[in-house]
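Some notes on the structure that comes next.
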2 protein chains.
Amino acid sequence: MNSPPFTLVNGVPADSVAVTDRGLAYGDGLFETVQLRLGRPLLLNLHLARLRLGCERLALDAPALLTDLQSDLAQLAQLCNLQDYGVLKILITRGSGGRGYLPVTGMSCTRILMLSVMPDYPDHPAEAGVRVRWCDMTLALNPRLAGIKHLNRLEQVLARSEWNDPSIREGLLCDTEGHVVEGTMSNLLWVSAGILYAPLLDRCGVAGVIRTRLLVLAAGAGIAIVEGRFAKSELEQADEVMLCNSLIDIWPVVALGNRHWPTGPVTRQLQSLLAEDYLAC
Amino acid sequence: MNSPPFTLVNGVPADSVAVTDRGLAYGDGLFETVQLRLGRPLLLNLHLARLRLGCERLALDAPALLTDLQSDLAQLAQLCNLQDYGVLKILITRGSGGRGYLPVTGMSCTRILMLSVMPDYPDHPAEAGVRVRWCDMTLALNPRLAGIKHLNRLEQVLARSEWNDPSIREGLLCDTEGHVVEGTMSNLLWVSAGILYAPLLDRCGVAGVIRTRLLVLAAGAGIAIVEGRFAKSELEQADEVMLCNSLIDIWPVVALGNRHWPTGPVTRQLQSLLAEDYLAC
């Protein structure tokens, strides 16, 4: 299970891109991080749906791109044993060329598919829970870029650079108006009096695939959901707090500063629902 | 004067970077666009000063980087006839590696230097002036990223995609609170009753090298300067409006929607001062 990373660029094994690629020049592109389990990409349709939304926002040719990606995925499965890997990163850029910011029409997207092994979490955070902290960095508001997983990620890089203590697994971010949004690499949900709270991601943040799926699963299980804008204090007073993303699944939050939580029943229920869903998807 | 582009990556002629480079993955880096005139990089010290500020903001090792860049520049001058080129683009990234957003300490920056010919402006916009428009895109507020020329440029790409009419040379942007900031690829200055107005760039925008230099030159010439936050109407009521950047120098704005301006005396004075300054710098 320690296979070396493998990369396909525009359908061909490669490990570099042109210096003139607009992904490098401007972060002009999108990415997805997909979990592979026994060679199967989990929730692939949701990842591709978000990619399609991102393409629409950035005016990239989604139908052509998704067709090419399907062929890349088939190619990957021929060249590698997908069961040896845990993570598939898909990175799309507008391609190479154009002078300055104006995209040239008819430009051909760059597609990069990277296989790597699953990160190791020897302390079993999904069971034991994790400590988190607040970040000083705030997320800027831009509805045109909110929700999609684009390549402009300096806010996340700088936020994640705010601490080095390995016992703190995630940093939580507010937007510039003080509303709680998400973690640096995860979405954030919490439970108060049996209601599941989820910050709106219409002005900043990434609409994570696991978050999207969990809200559907929770609704199906009869859990009341409130999406909205919330202050830090509302999260701090919650009964349960959890993080989710496509690689960690769900991590219960057990400490934030001086506030401590046990791992609550709704968190465990959502972990079970997600595990069952993975078997079906 | 139609030499092919030439690129140096980490001191070696090359035309690609690793797919794992953080410049591509997250826009985790900086760039500068320097005008070359008769082989001389104009205002190089100001470009390097902004790069140093960017390094400090992103926690990149500025002294090591600047030393390496000096050696790259010497190398370029050996390999190419700089007089055949008009533009030097310098692109710096945090380098390759690290899992997720957290930068690995001791990572080595990627340095890319690209030479290309000067863009052609057959309609002589510096003399004749240009038409501009307002963009719908608004610039998000993030003081930690404001002023520096980082690689997260999707706002500019999307703003520049708002129009195709080649007779409109630039789009003007406000921040999310409605204050005028800059153009998609230029800074914006205007004159009202003899005072030179410049939008503050402490919450968003790029602090352009020409803008910085022009404010010094204007002050030296006894022109009163006000930096602040201004509404669209204040620009629209101005006596003179101009754009500046390192390649266009200064373009007078002669039309914005139904508003028309002649090219005013302060704009011409600043063009002369900059031209003289180029001879001396």
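Convention: chains lettered A, B, ... in structure tokens order; per-chain residue numbering from 1; ligands numbered from 1 as shown.
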
Can you list, as a PyMOL selection string, all residues belonging to segment 35-220 of chain B that DSSP tags as strand (DSSP E)?
chain B and resi 35-37+40-41+87-93+110-116+130-139+168-175+180-183+187-192+195-199

Close residues, Leu79 of chain A itself excluded, 12 Å, only C-alpha atoms, min 2 positions apart in chain, as a PDB file with all heavy atoms, in the first residue's frame:
ATOM      1  N   PHE A   6       1.267   8.758  -8.586  1.00  0.00           N
ATOM      2  CA  PHE A   6       1.190   8.618 -10.045  1.00  0.00           C
ATOM      3  C   PHE A   6       0.350   9.765 -10.596  1.00  0.00           C
ATOM      4  O   PHE A   6      -0.707  10.076 -10.051  1.00  0.00           O
ATOM      5  CB  PHE A   6       0.552   7.273 -10.420  1.00  0.00           C
ATOM      6  CG  PHE A   6       0.509   7.040 -11.902  1.00  0.00           C
ATOM      7  CD1 PHE A   6       1.589   6.452 -12.554  1.00  0.00           C
ATOM      8  CD2 PHE A   6      -0.602   7.418 -12.649  1.00  0.00           C
ATOM      9  CE1 PHE A   6       1.555   6.252 -13.929  1.00  0.00           C
ATOM     10  CE2 PHE A   6      -0.632   7.221 -14.027  1.00  0.00           C
ATOM     11  CZ  PHE A   6       0.450   6.630 -14.665  1.00  0.00           C
ATOM     12  N   THR A   7       0.822  10.366 -11.666  1.00  0.00           N
ATOM     13  CA  THR A   7       0.140  11.545 -12.212  1.00  0.00           C
ATOM     14  C   THR A   7      -0.087  11.426 -13.709  1.00  0.00           C
ATOM     15  O   THR A   7       0.794  10.988 -14.441  1.00  0.00           O
ATOM     16  CB  THR A   7       0.966  12.825 -11.928  1.00  0.00           C
ATOM     17  OG1 THR A   7       1.221  12.908 -10.535  1.00  0.00           O
ATOM     18  CG2 THR A   7       0.219  14.061 -12.365  1.00  0.00           C
ATOM     19  N   LEU A   8      -1.270  11.830 -14.108  1.00  0.00           N
ATOM     20  CA  LEU A   8      -1.660  11.879 -15.510  1.00  0.00           C
ATOM     21  C   LEU A   8      -1.931  13.357 -15.846  1.00  0.00           C
ATOM     22  O   LEU A   8      -2.745  14.002 -15.183  1.00  0.00           O
ATOM     23  CB  LEU A   8      -2.952  11.082 -15.659  1.00  0.00           C
ATOM     24  CG  LEU A   8      -3.258  10.296 -16.931  1.00  0.00           C
ATOM     25  CD1 LEU A   8      -2.166   9.275 -17.231  1.00  0.00           C
ATOM     26  CD2 LEU A   8      -4.599   9.575 -16.759  1.00  0.00           C
ATOM     27  N   GLY A  11      -4.169  13.235 -19.888  1.00  0.00           N
ATOM     28  CA  GLY A  11      -4.288  11.860 -20.355  1.00  0.00           C
ATOM     29  C   GLY A  11      -2.988  11.100 -20.526  1.00  0.00           C
ATOM     30  O   GLY A  11      -2.996   9.936 -20.910  1.00  0.00           O
ATOM     31  N   VAL A  12      -1.865  11.754 -20.214  1.00  0.00           N
ATOM     32  CA  VAL A  12      -0.552  11.136 -20.436  1.00  0.00           C
ATOM     33  C   VAL A  12       0.239  11.144 -19.121  1.00  0.00           C
ATOM     34  O   VAL A  12       0.236  12.156 -18.418  1.00  0.00           O
ATOM     35  CB  VAL A  12       0.232  11.934 -21.509  1.00  0.00           C
ATOM     36  CG1 VAL A  12       1.612  11.344 -21.730  1.00  0.00           C
ATOM     37  CG2 VAL A  12      -0.553  11.980 -22.812  1.00  0.00           C
ATOM     38  N   PRO A  13       0.903  10.055 -18.761  1.00  0.00           N
ATOM     39  CA  PRO A  13       1.733  10.083 -17.548  1.00  0.00           C
ATOM     40  C   PRO A  13       2.770  11.200 -17.648  1.00  0.00           C
ATOM     41  O   PRO A  13       3.493  11.280 -18.645  1.00  0.00           O
ATOM     42  CB  PRO A  13       2.400   8.696 -17.532  1.00  0.00           C
ATOM     43  CG  PRO A  13       1.488   7.828 -18.338  1.00  0.00           C
ATOM     44  CD  PRO A  13       0.919   8.723 -19.405  1.00  0.00           C
ATOM     45  N   ASP A  72      -9.927  10.056 -18.762  1.00  0.00           N
ATOM     46  CA  ASP A  72      -8.727  10.024 -17.909  1.00  0.00           C
ATOM     47  C   ASP A  72      -8.872   8.984 -16.797  1.00  0.00           C
ATOM     48  O   ASP A  72      -7.920   8.273 -16.458  1.00  0.00           O
ATOM     49  CB  ASP A  72      -8.502  11.397 -17.245  1.00  0.00           C
ATOM     50  CG  ASP A  72      -8.046  12.460 -18.229  1.00  0.00           C
ATOM     51  OD1 ASP A  72      -7.610  12.113 -19.337  1.00  0.00           O
ATOM     52  OD2 ASP A  72      -8.136  13.657 -17.872  1.00  0.00           O
ATOM     53  N   LEU A  73     -10.065   8.931 -16.206  1.00  0.00           N
ATOM     54  CA  LEU A  73     -10.283   7.995 -15.096  1.00  0.00           C
ATOM     55  C   LEU A  73     -10.162   6.558 -15.591  1.00  0.00           C
ATOM     56  O   LEU A  73      -9.563   5.702 -14.915  1.00  0.00           O
ATOM     57  CB  LEU A  73     -11.660   8.237 -14.462  1.00  0.00           C
ATOM     58  CG  LEU A  73     -11.766   9.524 -13.639  1.00  0.00           C
ATOM     59  CD1 LEU A  73     -13.228   9.846 -13.297  1.00  0.00           C
ATOM     60  CD2 LEU A  73     -10.941   9.405 -12.346  1.00  0.00           C
ATOM     61  N   ALA A  74     -10.682   6.295 -16.784  1.00  0.00           N
ATOM     62  CA  ALA A  74     -10.563   4.953 -17.358  1.00  0.00           C
ATOM     63  C   ALA A  74      -9.092   4.628 -17.625  1.00  0.00           C
ATOM     64  O   ALA A  74      -8.618   3.518 -17.353  1.00  0.00           O
ATOM     65  CB  ALA A  74     -11.380   4.876 -18.648  1.00  0.00           C
ATOM     66  N   GLN A  75      -8.380   5.616 -18.125  1.00  0.00           N
ATOM     67  CA  GLN A  75      -6.942   5.475 -18.409  1.00  0.00           C
ATOM     68  C   GLN A  75      -6.160   5.177 -17.129  1.00  0.00           C
ATOM     69  O   GLN A  75      -5.291   4.295 -17.106  1.00  0.00           O
ATOM     70  CB  GLN A  75      -6.480   6.798 -19.044  1.00  0.00           C
ATOM     71  CG  GLN A  75      -5.001   6.945 -19.264  1.00  0.00           C
ATOM     72  CD  GLN A  75      -4.618   6.421 -20.635  1.00  0.00           C
ATOM     73  OE1 GLN A  75      -5.309   5.571 -21.192  1.00  0.00           O
ATOM     74  NE2 GLN A  75      -3.509   6.907 -21.151  1.00  0.00           N
ATOM     75  N   LEU A  76      -6.476   5.911 -16.072  1.00  0.00           N
ATOM     76  CA  LEU A  76      -5.816   5.694 -14.770  1.00  0.00           C
ATOM     77  C   LEU A  76      -6.004   4.256 -14.309  1.00  0.00           C
ATOM     78  O   LEU A  76      -5.067   3.604 -13.836  1.00  0.00           O
ATOM     79  CB  LEU A  76      -6.424   6.611 -13.704  1.00  0.00           C
ATOM     80  CG  LEU A  76      -5.736   7.895 -13.305  1.00  0.00           C
ATOM     81  CD1 LEU A  76      -6.399   8.467 -12.074  1.00  0.00           C
ATOM     82  CD2 LEU A  76      -4.235   7.718 -13.079  1.00  0.00           C
ATOM     83  N   ALA A  77      -7.243   3.776 -14.445  1.00  0.00           N
ATOM     84  CA  ALA A  77      -7.552   2.424 -13.978  1.00  0.00           C
ATOM     85  C   ALA A  77      -6.796   1.376 -14.793  1.00  0.00           C
ATOM     86  O   ALA A  77      -6.515   0.282 -14.302  1.00  0.00           O
ATOM     87  CB  ALA A  77      -9.061   2.184 -14.061  1.00  0.00           C
ATOM     88  N   ASN A  81      -3.080   0.132 -10.359  1.00  0.00           N
ATOM     89  CA  ASN A  81      -4.031  -0.591  -9.538  1.00  0.00           C
ATOM     90  C   ASN A  81      -4.605   0.412  -8.532  1.00  0.00           C
ATOM     91  O   ASN A  81      -3.938   0.784  -7.558  1.00  0.00           O
ATOM     92  CB  ASN A  81      -3.341  -1.748  -8.821  1.00  0.00           C
ATOM     93  CG  ASN A  81      -4.356  -2.579  -8.058  1.00  0.00           C
ATOM     94  OD1 ASN A  81      -5.537  -2.221  -7.976  1.00  0.00           O
ATOM     95  ND2 ASN A  81      -3.898  -3.705  -7.510  1.00  0.00           N
ATOM     96  N   LEU A  82      -5.808   0.886  -8.783  1.00  0.00           N
ATOM     97  CA  LEU A  82      -6.376   1.953  -7.943  1.00  0.00           C
ATOM     98  C   LEU A  82      -6.470   1.519  -6.484  1.00  0.00           C
ATOM     99  O   LEU A  82      -6.471   2.360  -5.573  1.00  0.00           O
ATOM    100  CB  LEU A  82      -7.758   2.362  -8.467  1.00  0.00           C
ATOM    101  CG  LEU A  82      -7.791   3.029  -9.845  1.00  0.00           C
ATOM    102  CD1 LEU A  82      -9.214   3.451 -10.203  1.00  0.00           C
ATOM    103  CD2 LEU A  82      -6.874   4.247  -9.886  1.00  0.00           C
ATOM    104  N   ASP A  84      -4.287   0.372  -4.734  1.00  0.00           N
ATOM    105  CA  ASP A  84      -3.051   0.703  -4.019  1.00  0.00           C
ATOM    106  C   ASP A  84      -3.043   2.151  -3.533  1.00  0.00           C
ATOM    107  O   ASP A  84      -2.084   2.581  -2.891  1.00  0.00           O
ATOM    108  CB  ASP A  84      -1.834   0.501  -4.936  1.00  0.00           C
ATOM    109  CG  ASP A  84      -1.639  -0.960  -5.298  1.00  0.00           C
ATOM    110  OD1 ASP A  84      -2.238  -1.817  -4.617  1.00  0.00           O
ATOM    111  OD2 ASP A  84      -0.900  -1.238  -6.266  1.00  0.00           O
ATOM    112  N   LEU A 115      -2.651  10.399  -8.165  1.00  0.00           N
ATOM    113  CA  LEU A 115      -2.966   9.342  -7.200  1.00  0.00           C
ATOM    114  C   LEU A 115      -1.923   9.348  -6.089  1.00  0.00           C
ATOM    115  O   LEU A 115      -0.730   9.430  -6.362  1.00  0.00           O
ATOM    116  CB  LEU A 115      -2.925   7.976  -7.888  1.00  0.00           C
ATOM    117  CG  LEU A 115      -4.046   7.657  -8.879  1.00  0.00           C
ATOM    118  CD1 LEU A 115      -3.734   6.337  -9.582  1.00  0.00           C
ATOM    119  CD2 LEU A 115      -5.390   7.574  -8.157  1.00  0.00           C
TER     120      LEU A 115
END

Neighbour list for Ala280 of chain A as a count of residues only, cut-off 12 Å, only C-alpha atoms, skip fewer than 4 positions in-chain
7

Selection: 8 Å around Asp136 of chain A, only C-alpha atoms, excl. self and same-chain fewer than 5 positions, as a short mmCIF file (atom, residue, chain, number, x, y, z; two decimals) with all heavy atoms, in the first residue's frame:
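Saved file selection21.cif follows:
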data_model
loop_
_atom_site.label_atom_id
_atom_site.label_comp_id
_atom_site.auth_asym_id
_atom_site.auth_seq_id
_atom_site.Cartn_x
_atom_site.Cartn_y
_atom_site.Cartn_z
N ALA A 159 -3.88 30.79 6.91
CA ALA A 159 -4.60 30.37 8.13
C ALA A 159 -3.95 29.12 8.73
O ALA A 159 -3.72 29.04 9.93
CB ALA A 159 -6.07 30.11 7.81
N GLU A 162 -0.84 29.50 10.90
CA GLU A 162 -0.94 30.24 12.17
C GLU A 162 -0.52 29.40 13.38
O GLU A 162 -0.26 29.94 14.43
CB GLU A 162 -2.36 30.76 12.37
CG GLU A 162 -2.70 31.92 11.46
CD GLU A 162 -4.08 32.50 11.76
OE1 GLU A 162 -4.58 32.34 12.90
OE2 GLU A 162 -4.67 33.10 10.84
N LEU A 173 -12.37 29.27 10.88
CA LEU A 173 -12.32 30.60 10.27
C LEU A 173 -13.68 31.28 10.28
O LEU A 173 -14.71 30.65 10.02
CB LEU A 173 -11.86 30.47 8.82
CG LEU A 173 -10.40 30.05 8.63
CD1 LEU A 173 -10.22 29.33 7.29
CD2 LEU A 173 -9.50 31.27 8.67
#

Closest-contact table, chain A side, partner chain B, 9 Å, counting only C-alpha atoms, as CSV:
residue,atom,partner,partner_atom,distance
A:Thr7,CA,B:Val19,CA,8.4
A:Val9,CA,B:Val19,CA,8.7
A:Ala14,CA,B:Val19,CA,8.6
A:Asp15,CA,B:Val19,CA,5.5
A:Ser16,CA,B:Ala18,CA,4.2
A:Val17,CA,B:Ser16,CA,5.2
A:Ala18,CA,B:Ser16,CA,4.2
A:Val19,CA,B:Ser16,CA,4.8
A:Thr20,CA,B:Asp15,CA,8.0
A:Asp21,CA,B:Leu24,CA,8.6
A:Arg22,CA,B:Leu24,CA,8.6
A:Gly23,CA,B:Leu24,CA,5.4
A:Leu24,CA,B:Leu24,CA,4.2
A:Ala25,CA,B:Leu151,CA,6.2
A:Tyr26,CA,B:Arg153,CA,4.7
A:Gly27,CA,B:Gly27,CA,5.1
A:Asp28,CA,B:Leu154,CA,5.9
A:Gly29,CA,B:Leu154,CA,8.5
A:Phe31,CA,B:Ala25,CA,8.3
A:Arg57,CA,B:Leu158,CA,8.9
A:Leu58,CA,B:Leu158,CA,7.0
A:Ala59,CA,B:Leu158,CA,8.8
A:Leu91,CA,B:Ala25,CA,7.9
A:Arg99,CA,B:Pro119,CA,8.6
A:Gly100,CA,B:Met185,CA,8.0
A:Tyr101,CA,B:Val157,CA,4.8
A:Leu102,CA,B:Arg160,CA,5.5
A:Pro103,CA,B:Ser161,CA,7.0
A:Ile112,CA,B:Val19,CA,7.8
A:Met114,CA,B:Val19,CA,8.9
A:Pro119,CA,B:Arg99,CA,8.6
A:Met137,CA,B:Arg144,CA,8.0
A:Thr138,CA,B:Asn142,CA,7.4
A:Leu139,CA,B:Asn142,CA,7.4
A:Ala140,CA,B:Ala140,CA,5.2
A:Leu141,CA,B:Ala140,CA,5.3
A:Asn142,CA,B:Ala140,CA,5.7
A:Arg144,CA,B:Met137,CA,8.0
A:Leu145,CA,B:Glu155,CA,8.2
A:His150,CA,B:Tyr26,CA,8.5
A:Leu151,CA,B:Tyr26,CA,5.1
A:Asn152,CA,B:Asn152,CA,4.7
A:Arg153,CA,B:Tyr26,CA,4.7
A:Leu154,CA,B:Asp28,CA,5.9
A:Glu155,CA,B:Leu145,CA,8.2
A:Gln156,CA,B:Tyr101,CA,6.5
A:Val157,CA,B:Tyr101,CA,4.8
A:Leu158,CA,B:Leu58,CA,7.0
A:Ala159,CA,B:Tyr101,CA,8.7
A:Arg160,CA,B:Leu102,CA,5.5
A:Ser161,CA,B:Leu102,CA,5.9
A:Thr176,CA,B:Leu141,CA,7.5
A:Thr184,CA,B:Tyr101,CA,7.9
A:Met185,CA,B:Tyr101,CA,7.7

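Every protein or nucleic acid residue with an atom no more than 12 Å from Arg268 of chain A, counting only C-alpha atoms and leaving out same-chain residues fewer than 2 positions away, appears here: Ala126, Glu127, Ala128, Gly129, Val191, Ala218, Glu240, Val241, Met242, Asp249, Ile250, Trp251, Pro252, Val253, Pro262, Thr263, Gly264, Pro265, Val266, Leu270, Gln271, Ser272, Leu273, Leu274 and Ala275 of chain A.
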
Quick one: pull the distance between atom CA of Ile92 of chain A and atom CA of Thr105 of chain B, Å, one decimal.
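Going from atom CA of Ile92 of chain A over to atom CA of Thr105 of chain B, I get 27.3 Å.
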
Long-range neighbours of Pro166 of chain B as an NGL selection string, 12 Å cut-off, only C-alpha atoms, 5 positions minimum in chain:
(:A and (102)) or (:B and (121 or 123 or 130-133 or 160-161 or 171))

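Closest approach to Arg94 of chain B among B:Cys109, B:Val180, B:Val34, B:Leu51: B:Cys109, based on only C-alpha atoms.
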
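Our summary of the geometry notes that atom CA of Glu234 of chain A is positioned 20.5 Å from atom CA of Ala207 of chain A.
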
Record the distance separating atom CA of Gln83 of chain A and atom CA of Arg111 of chain A, expressed in Å with one decimal.
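Interatomic distance, atom CA of Gln83 of chain A to atom CA of Arg111 of chain A: 21.9 Å.
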
So which bits of segment 38-232 of chain A end up helix (DSSP H, G or I) when you DSSP the backbone, as a PyMOL selection string?
chain A and resi 44-58+62-79+82-84+125-128+154-160+209-220+232

Show which residues sit within 6 Å of Leu172 of chain B, as a PyMOL selection string. Count only C-alpha atoms, and ignore same-chain residues fewer than 2 positions away.
chain B and resi 134-135+182-183

Could you write out that same residue set with C-alpha atoms as a CSV table (one decimal), in the first residue's frame?
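Saved the output as part_31.csv:
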chain,number,residue,atom,x,y,z
B,134,TRP,CA,-17.0,49.7,-14.6
B,135,CYS,CA,-16.9,45.9,-13.8
B,182,GLU,CA,-8.2,49.9,-9.3
B,183,GLY,CA,-8.4,48.5,-12.8
